[in-house]
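As provided, my_file.txt (compact mmCIF, N, CA, C and O atoms) reads as follows.
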# COMPACT_ATOMS: atom_id res chain seq x y z
N VAL Y 1308 96.73 123.30 95.22
CA VAL Y 1308 95.47 124.02 95.20
C VAL Y 1308 94.63 123.51 94.04
O VAL Y 1308 95.05 123.59 92.89
N ILE Y 1309 93.47 122.98 94.36
CA ILE Y 1309 92.58 122.44 93.34
C ILE Y 1309 91.87 123.58 92.61
O ILE Y 1309 91.81 123.61 91.39
N ILE Y 1310 91.35 124.55 93.37
CA ILE Y 1310 90.59 125.65 92.80
C ILE Y 1310 91.14 126.95 93.38
O ILE Y 1310 91.18 127.12 94.60
N ASN Y 1311 91.53 127.89 92.50
CA ASN Y 1311 92.11 129.13 93.01
C ASN Y 1311 91.02 130.06 93.58
O ASN Y 1311 89.82 129.81 93.44
N GLY Y 1312 91.46 131.12 94.23
CA GLY Y 1312 90.56 132.01 94.96
C GLY Y 1312 89.49 132.66 94.11
O GLY Y 1312 88.32 132.73 94.51
N SER Y 1313 89.86 133.15 92.93
CA SER Y 1313 88.85 133.82 92.10
C SER Y 1313 87.78 132.84 91.61
O SER Y 1313 86.60 133.18 91.52
N ARG Y 1314 88.19 131.61 91.35
CA ARG Y 1314 87.21 130.61 90.92
C ARG Y 1314 86.28 130.25 92.08
O ARG Y 1314 85.09 130.03 91.88
N ARG Y 1315 86.83 130.19 93.30
CA ARG Y 1315 85.99 129.90 94.48
C ARG Y 1315 84.93 130.98 94.67
O ARG Y 1315 83.79 130.69 95.03
N VAL Y 1316 85.32 132.24 94.42
CA VAL Y 1316 84.37 133.34 94.53
C VAL Y 1316 83.26 133.17 93.49
O VAL Y 1316 82.07 133.33 93.79
N ARG Y 1317 83.62 132.83 92.26
CA ARG Y 1317 82.62 132.62 91.21
C ARG Y 1317 81.68 131.47 91.54
O ARG Y 1317 80.47 131.55 91.32
N ILE Y 1318 82.24 130.39 92.09
CA ILE Y 1318 81.41 129.23 92.47
C ILE Y 1318 80.43 129.63 93.56
O ILE Y 1318 79.24 129.30 93.50
N ALA Y 1319 80.92 130.38 94.55
CA ALA Y 1319 80.06 130.80 95.66
C ALA Y 1319 78.93 131.70 95.16
O ALA Y 1319 77.77 131.52 95.51
N GLU Y 1320 79.27 132.66 94.30
CA GLU Y 1320 78.25 133.56 93.78
C GLU Y 1320 77.23 132.79 92.93
O GLU Y 1320 76.03 133.04 93.01
N GLY Y 1321 77.70 131.87 92.12
CA GLY Y 1321 76.81 131.11 91.25
C GLY Y 1321 75.91 130.14 91.99
O GLY Y 1321 74.83 129.79 91.52
N SER Y 1322 76.36 129.69 93.16
CA SER Y 1322 75.56 128.72 93.91
C SER Y 1322 74.77 129.37 95.04
O SER Y 1322 74.06 128.67 95.77
N GLY Y 1323 74.91 130.67 95.21
CA GLY Y 1323 74.17 131.37 96.26
C GLY Y 1323 74.69 131.06 97.65
O GLY Y 1323 73.94 131.11 98.62
N THR Y 1324 75.97 130.70 97.76
CA THR Y 1324 76.57 130.40 99.06
C THR Y 1324 77.72 131.38 99.31
O THR Y 1324 77.99 132.26 98.50
N GLN Y 1325 78.39 131.21 100.43
CA GLN Y 1325 79.53 132.06 100.76
C GLN Y 1325 80.82 131.33 100.40
O GLN Y 1325 80.86 130.10 100.30
N VAL Y 1326 81.88 132.11 100.23
CA VAL Y 1326 83.18 131.54 99.87
C VAL Y 1326 83.65 130.56 100.94
O VAL Y 1326 84.23 129.52 100.62
N GLY Y 1327 83.35 130.83 102.19
CA GLY Y 1327 83.72 129.92 103.27
C GLY Y 1327 83.10 128.54 103.10
O GLY Y 1327 83.72 127.53 103.42
N ASP Y 1328 81.87 128.50 102.58
CA ASP Y 1328 81.21 127.21 102.33
C ASP Y 1328 81.94 126.44 101.24
O ASP Y 1328 82.13 125.22 101.35
N VAL Y 1329 82.35 127.15 100.20
CA VAL Y 1329 83.09 126.51 99.10
C VAL Y 1329 84.43 126.01 99.63
O VAL Y 1329 84.85 124.88 99.33
N ASN Y 1330 85.11 126.84 100.42
CA ASN Y 1330 86.40 126.44 100.99
C ASN Y 1330 86.25 125.19 101.85
O ASN Y 1330 87.07 124.26 101.77
N ARG Y 1331 85.21 125.14 102.65
CA ARG Y 1331 84.98 123.98 103.52
C ARG Y 1331 84.72 122.73 102.69
O ARG Y 1331 85.23 121.66 102.98
N LEU Y 1332 83.94 122.88 101.63
CA LEU Y 1332 83.64 121.74 100.77
C LEU Y 1332 84.91 121.21 100.09
O LEU Y 1332 85.13 120.00 100.03
N VAL Y 1333 85.76 122.13 99.61
CA VAL Y 1333 87.01 121.71 98.96
C VAL Y 1333 87.91 121.00 99.97
O VAL Y 1333 88.53 119.98 99.66
N LYS Y 1334 87.96 121.52 101.19
CA LYS Y 1334 88.78 120.88 102.23
C LYS Y 1334 88.26 119.49 102.55
O LYS Y 1334 89.03 118.53 102.66
N GLN Y 1335 86.94 119.35 102.68
CA GLN Y 1335 86.35 118.05 102.98
C GLN Y 1335 86.56 117.07 101.83
O GLN Y 1335 86.77 115.88 102.06
N PHE Y 1336 86.52 117.59 100.62
CA PHE Y 1336 86.80 116.74 99.46
C PHE Y 1336 88.22 116.17 99.55
O PHE Y 1336 88.43 114.98 99.34
N GLY Y 1337 89.17 117.02 99.92
CA GLY Y 1337 90.56 116.57 100.06
C GLY Y 1337 90.70 115.51 101.14
O GLY Y 1337 91.43 114.53 100.98
N GLU Y 1338 90.00 115.71 102.26
CA GLU Y 1338 90.06 114.73 103.35
C GLU Y 1338 89.45 113.40 102.92
O GLU Y 1338 89.99 112.34 103.23
N MET Y 1339 88.34 113.45 102.21
CA MET Y 1339 87.71 112.21 101.74
C MET Y 1339 88.62 111.50 100.72
O MET Y 1339 88.72 110.28 100.72
N GLN Y 1340 89.29 112.29 99.89
CA GLN Y 1340 90.19 111.71 98.90
C GLN Y 1340 91.34 110.97 99.60
O GLN Y 1340 91.70 109.86 99.21
N LYS Y 1341 91.88 111.58 100.67
CA LYS Y 1341 92.94 110.93 101.45
C LYS Y 1341 92.44 109.63 102.06
O LYS Y 1341 93.13 108.61 102.04
N MET Y 1342 91.22 109.68 102.63
CA MET Y 1342 90.66 108.50 103.28
C MET Y 1342 90.45 107.38 102.27
O MET Y 1342 90.74 106.22 102.55
N MET Y 1343 89.96 107.73 101.08
CA MET Y 1343 89.74 106.71 100.07
C MET Y 1343 91.05 106.09 99.60
O MET Y 1343 91.13 104.89 99.35
N LYS Y 1344 92.11 106.88 99.51
CA LYS Y 1344 93.42 106.35 99.13
C LYS Y 1344 93.95 105.40 100.19
O LYS Y 1344 94.54 104.38 99.88
N LYS Y 1345 93.72 105.76 101.48
CA LYS Y 1345 94.15 104.88 102.56
C LYS Y 1345 93.42 103.55 102.52
O LYS Y 1345 93.99 102.50 102.77
N MET Y 1346 92.13 103.60 102.18
CA MET Y 1346 91.34 102.37 102.10
C MET Y 1346 91.80 101.51 100.94
O MET Y 1346 91.73 100.29 101.01
N GLY Y 1347 92.25 102.14 99.88
CA GLY Y 1347 92.77 101.41 98.73
C GLY Y 1347 91.78 100.41 98.19
O GLY Y 1347 90.66 100.74 97.89
N GLY Y 1348 92.21 99.17 98.08
CA GLY Y 1348 91.37 98.12 97.51
C GLY Y 1348 90.80 97.21 98.56
O GLY Y 1348 90.63 96.03 98.31
N MET Y 1349 90.54 97.72 99.76
CA MET Y 1349 90.04 96.87 100.83
C MET Y 1349 88.79 96.13 100.40
O MET Y 1349 87.84 96.72 99.90
N GLY Y 1350 88.79 94.83 100.56
CA GLY Y 1350 87.63 94.02 100.28
C GLY Y 1350 87.44 93.68 98.82
O GLY Y 1350 86.55 92.93 98.47
N SER Y 1351 88.26 94.23 97.96
CA SER Y 1351 88.10 93.90 96.54
C SER Y 1351 88.96 92.70 96.18
O SER Y 1351 89.87 92.33 96.89
N ALA Y 1352 88.67 92.11 95.07
CA ALA Y 1352 89.41 90.92 94.64
C ALA Y 1352 90.29 91.29 93.45
O ALA Y 1352 90.14 90.76 92.36
N LYS Y 1353 91.21 92.21 93.65
CA LYS Y 1353 92.10 92.61 92.57
C LYS Y 1353 93.14 91.52 92.33
O LYS Y 1353 93.58 90.84 93.24
N ARG Y 1354 93.57 91.39 91.11
CA ARG Y 1354 94.58 90.40 90.78
C ARG Y 1354 95.93 91.06 90.64
O ARG Y 1354 96.06 92.10 90.02
N GLY Y 1355 96.93 90.44 91.21
CA GLY Y 1355 98.29 90.93 91.11
C GLY Y 1355 98.96 90.43 89.84
O GLY Y 1355 98.32 89.81 88.98
N LYS Y 1356 100.26 90.66 89.69
CA LYS Y 1356 100.98 90.25 88.49
C LYS Y 1356 100.95 88.73 88.30
O LYS Y 1356 100.94 88.25 87.18
N LYS Y 1357 100.96 87.99 89.40
CA LYS Y 1357 100.99 86.52 89.29
C LYS Y 1357 99.60 85.91 89.33
O LYS Y 1357 99.46 84.70 89.43
N GLY Y 1358 98.57 86.74 89.28
CA GLY Y 1358 97.21 86.21 89.23
C GLY Y 1358 96.63 85.86 90.58
O GLY Y 1358 95.58 85.27 90.65
N LYS Y 1359 97.30 86.21 91.68
CA LYS Y 1359 96.78 85.90 93.00
C LYS Y 1359 95.71 86.91 93.38
O LYS Y 1359 95.80 88.08 93.05
N ARG Y 1360 94.73 86.45 94.11
CA ARG Y 1360 93.66 87.34 94.57
C ARG Y 1360 94.17 88.21 95.72
O ARG Y 1360 95.03 87.81 96.47
N GLY Y 1361 93.54 89.41 95.83
CA GLY Y 1361 93.86 90.29 96.95
C GLY Y 1361 93.41 89.67 98.26
O GLY Y 1361 92.57 88.78 98.28
N ARG Y 1362 93.95 90.13 99.35
CA ARG Y 1362 93.59 89.59 100.66
C ARG Y 1362 92.18 89.97 101.04
O ARG Y 1362 91.72 91.06 100.79
N ALA Y 1363 91.50 89.05 101.69
CA ALA Y 1363 90.17 89.31 102.21
C ALA Y 1363 90.32 90.02 103.56
O ALA Y 1363 91.39 90.03 104.15
N LEU Y 1364 89.24 90.61 104.06
CA LEU Y 1364 89.27 91.23 105.37
C LEU Y 1364 89.45 90.14 106.42
O LEU Y 1364 88.98 89.02 106.26
N PRO Y 1365 90.13 90.46 107.53
CA PRO Y 1365 90.31 89.48 108.60
C PRO Y 1365 88.96 89.00 109.14
O PRO Y 1365 87.98 89.75 109.10
N PRO Y 1366 88.90 87.77 109.67
CA PRO Y 1366 87.64 87.25 110.22
C PRO Y 1366 87.10 88.16 111.31
O PRO Y 1366 87.85 88.68 112.12
N GLY Y 1367 85.79 88.39 111.28
CA GLY Y 1367 85.15 89.22 112.30
C GLY Y 1367 85.22 90.71 112.00
O GLY Y 1367 84.69 91.52 112.75
N MET Y 1368 85.88 91.10 110.92
CA MET Y 1368 86.01 92.52 110.60
C MET Y 1368 85.23 92.80 109.33
O MET Y 1368 85.55 92.30 108.27
N ASP Y 1369 84.17 93.60 109.46
CA ASP Y 1369 83.43 93.96 108.26
C ASP Y 1369 83.88 95.34 107.80
O ASP Y 1369 84.46 96.10 108.55
N LEU Y 1370 83.63 95.67 106.55
CA LEU Y 1370 84.11 96.92 105.96
C LEU Y 1370 83.59 98.14 106.71
O LEU Y 1370 84.32 99.09 106.92
N ASP Y 1371 82.33 98.10 107.14
CA ASP Y 1371 81.75 99.26 107.82
C ASP Y 1371 82.49 99.60 109.11
O ASP Y 1371 82.64 100.76 109.45
N SER Y 1372 82.97 98.61 109.85
CA SER Y 1372 83.65 98.88 111.11
C SER Y 1372 85.05 99.43 110.91
O SER Y 1372 85.64 99.98 111.82
N SER Y 1373 85.60 99.31 109.70
CA SER Y 1373 86.96 99.77 109.47
C SER Y 1373 87.02 101.18 108.90
O SER Y 1373 88.08 101.71 108.72
N VAL Y 1374 85.88 101.80 108.62
CA VAL Y 1374 85.86 103.12 108.01
C VAL Y 1374 85.71 104.18 109.08
O VAL Y 1374 84.82 104.12 109.91
N ASP Y 1375 86.60 105.17 109.05
CA ASP Y 1375 86.55 106.28 110.00
C ASP Y 1375 85.64 107.35 109.43
O ASP Y 1375 85.96 107.98 108.42
N LEU Y 1376 84.51 107.57 110.05
CA LEU Y 1376 83.54 108.54 109.55
C LEU Y 1376 83.72 109.93 110.15
O LEU Y 1376 82.92 110.82 109.89
N SER Y 1377 84.78 110.16 110.92
CA SER Y 1377 84.97 111.46 111.56
C SER Y 1377 85.16 112.57 110.54
O SER Y 1377 84.85 113.72 110.81
N ALA Y 1378 85.65 112.25 109.34
CA ALA Y 1378 85.84 113.27 108.31
C ALA Y 1378 84.51 113.81 107.79
O ALA Y 1378 84.46 114.86 107.17
N LEU Y 1379 83.41 113.10 108.05
CA LEU Y 1379 82.10 113.54 107.57
C LEU Y 1379 81.40 114.49 108.53
O LEU Y 1379 80.37 115.04 108.19
N GLN Y 1380 81.98 114.70 109.72
CA GLN Y 1380 81.36 115.58 110.70
C GLN Y 1380 81.22 116.98 110.12
O GLN Y 1380 82.13 117.50 109.52
N GLY Y 1381 80.08 117.59 110.28
CA GLY Y 1381 79.85 118.95 109.83
C GLY Y 1381 79.34 119.08 108.41
O GLY Y 1381 78.98 120.16 107.98
N MET Y 1382 79.32 118.01 107.64
CA MET Y 1382 78.88 118.11 106.26
C MET Y 1382 77.39 118.38 106.13
O MET Y 1382 76.94 118.87 105.11
N GLN Y 1383 76.60 118.09 107.18
CA GLN Y 1383 75.17 118.31 107.09
C GLN Y 1383 74.85 119.79 107.00
O GLN Y 1383 73.75 120.15 106.61
N ASP Y 1384 75.79 120.68 107.33
CA ASP Y 1384 75.55 122.11 107.27
C ASP Y 1384 75.72 122.68 105.86
O ASP Y 1384 75.35 123.82 105.61
N LEU Y 1385 76.28 121.91 104.94
CA LEU Y 1385 76.50 122.41 103.60
C LEU Y 1385 75.21 122.34 102.79
O LEU Y 1385 74.48 121.35 102.86
N PRO Y 1386 74.92 123.39 102.02
CA PRO Y 1386 73.68 123.41 101.25
C PRO Y 1386 73.64 122.28 100.23
O PRO Y 1386 74.65 121.96 99.61
N GLY Y 1387 72.49 121.67 100.09
CA GLY Y 1387 72.31 120.63 99.08
C GLY Y 1387 72.74 119.25 99.49
O GLY Y 1387 72.59 118.31 98.72
N LEU Y 1388 73.30 119.10 100.69
CA LEU Y 1388 73.74 117.78 101.12
C LEU Y 1388 72.79 117.25 102.19
O LEU Y 1388 72.28 118.01 103.00
N PRO Y 1389 72.56 115.95 102.21
CA PRO Y 1389 71.67 115.38 103.23
C PRO Y 1389 72.33 115.42 104.60
O PRO Y 1389 73.52 115.68 104.71
N GLY Y 1390 71.55 115.17 105.60
CA GLY Y 1390 72.05 115.15 106.97
C GLY Y 1390 72.97 113.98 107.22
O GLY Y 1390 73.33 113.25 106.30
N PRO Y 1391 73.37 113.76 108.48
CA PRO Y 1391 74.30 112.68 108.80
C PRO Y 1391 73.66 111.32 108.55
O PRO Y 1391 72.43 111.18 108.58
N PRO Y 1392 74.50 110.31 108.30
CA PRO Y 1392 73.96 108.95 108.09
C PRO Y 1392 73.22 108.46 109.32
O PRO Y 1392 73.57 108.78 110.43
N ARG Y 1393 72.19 107.67 109.09
CA ARG Y 1393 71.40 107.15 110.22
C ARG Y 1393 71.70 105.70 110.44
O ARG Y 1393 71.94 104.94 109.64
Would you encode the structure as structure tokens?
Amino acid sequence: VIINGSRRVRIAEGSGTQVGDVNRLVKQFGEMQKMMKKMGGMGSAKRGKKGKRGRALPPGMDLDSSVDLSALQGMQDLPGLPGPPR
């Protein structure tokens, strides 16, 4: 648990939203965190112990096509956040 119940209530009251909105945001944060961990260092040129470069993306595969955006569904309903990507 990142944020306990009483703190979620305080956040909701302070931001003028409902506790359910805070809960949804915390859940979506966790999902995005998982997705970012799965992506790891995709496309970056990290060096290993022996100085070798990280693998490049396979030919014909760009980074945008490999990202699952389903975790972003519903975020446009949260206050203060922009609508879906265009």
Can you measure atom O of Y:Phe1336 to atom CA of Y:Ile1309 for me? One decimal in Å is fine.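 Interatomic distance here is 10.4 Å.
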Expected residue set, 8 Å radius at (85.2, 131.9, 95.4), all atoms listed in the file, as a short mmCIF file (atom, residue, chain, number, x, y, z; two decimals) with N, CA, C and O atoms, in the frame of the given file:
data_model
loop_
_atom_site.label_atom_id
_atom_site.label_comp_id
_atom_site.auth_asym_id
_atom_site.auth_seq_id
_atom_site.Cartn_x
_atom_site.Cartn_y
_atom_site.Cartn_z
N ILE Y 1310 91.35 124.55 93.37
CA ILE Y 1310 90.59 125.65 92.80
C ILE Y 1310 91.14 126.95 93.38
O ILE Y 1310 91.18 127.12 94.60
N ASN Y 1311 91.53 127.89 92.50
CA ASN Y 1311 92.11 129.13 93.01
C ASN Y 1311 91.02 130.06 93.58
O ASN Y 1311 89.82 129.81 93.44
N GLY Y 1312 91.46 131.12 94.23
CA GLY Y 1312 90.56 132.01 94.96
C GLY Y 1312 89.49 132.66 94.11
O GLY Y 1312 88.32 132.73 94.51
N SER Y 1313 89.86 133.15 92.93
CA SER Y 1313 88.85 133.82 92.10
C SER Y 1313 87.78 132.84 91.61
O SER Y 1313 86.60 133.18 91.52
N ARG Y 1314 88.19 131.61 91.35
CA ARG Y 1314 87.21 130.61 90.92
C ARG Y 1314 86.28 130.25 92.08
O ARG Y 1314 85.09 130.03 91.88
N ARG Y 1315 86.83 130.19 93.30
CA ARG Y 1315 85.99 129.90 94.48
C ARG Y 1315 84.93 130.98 94.67
O ARG Y 1315 83.79 130.69 95.03
N VAL Y 1316 85.32 132.24 94.42
CA VAL Y 1316 84.37 133.34 94.53
C VAL Y 1316 83.26 133.17 93.49
O VAL Y 1316 82.07 133.33 93.79
N ARG Y 1317 83.62 132.83 92.26
CA ARG Y 1317 82.62 132.62 91.21
C ARG Y 1317 81.68 131.47 91.54
O ARG Y 1317 80.47 131.55 91.32
N ILE Y 1318 82.24 130.39 92.09
CA ILE Y 1318 81.41 129.23 92.47
C ILE Y 1318 80.43 129.63 93.56
O ILE Y 1318 79.24 129.30 93.50
N ALA Y 1319 80.92 130.38 94.55
CA ALA Y 1319 80.06 130.80 95.66
C ALA Y 1319 78.93 131.70 95.16
O ALA Y 1319 77.77 131.52 95.51
N GLU Y 1320 79.27 132.66 94.30
CA GLU Y 1320 78.25 133.56 93.78
C GLU Y 1320 77.23 132.79 92.93
O GLU Y 1320 76.03 133.04 93.01
N THR Y 1324 75.97 130.70 97.76
CA THR Y 1324 76.57 130.40 99.06
C THR Y 1324 77.72 131.38 99.31
O THR Y 1324 77.99 132.26 98.50
N GLN Y 1325 78.39 131.21 100.43
CA GLN Y 1325 79.53 132.06 100.76
C GLN Y 1325 80.82 131.33 100.40
O GLN Y 1325 80.86 130.10 100.30
N VAL Y 1326 81.88 132.11 100.23
CA VAL Y 1326 83.18 131.54 99.87
C VAL Y 1326 83.65 130.56 100.94
O VAL Y 1326 84.23 129.52 100.62
N GLY Y 1327 83.35 130.83 102.19
CA GLY Y 1327 83.72 129.92 103.27
C GLY Y 1327 83.10 128.54 103.10
O GLY Y 1327 83.72 127.53 103.42
N VAL Y 1329 82.35 127.15 100.20
CA VAL Y 1329 83.09 126.51 99.10
C VAL Y 1329 84.43 126.01 99.63
O VAL Y 1329 84.85 124.88 99.33
N ASN Y 1330 85.11 126.84 100.42
CA ASN Y 1330 86.40 126.44 100.99
C ASN Y 1330 86.25 125.19 101.85
O ASN Y 1330 87.07 124.26 101.77
#
Please define a box with edges along x, y and z of the file around all atoms of stretch 1309-1326 of chain Y given in the file, extend it by 8 Å on each side, and return its centre and edge lengths in Å to one decimal, as AutoDock Vina command-line options.
--center_x 83.7 --center_y 128.1 --center_z 95.9 --size_x 35.5 --size_y 27.4 --size_z 26.0
Which value, in Å to one decimal, gives the distance between atom CA of Y:Val1308 and atom CA of Y:Lys1334?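 For atom CA of Y:Val1308 relative to atom CA of Y:Lys1334, the distance reads 10.2 Å.
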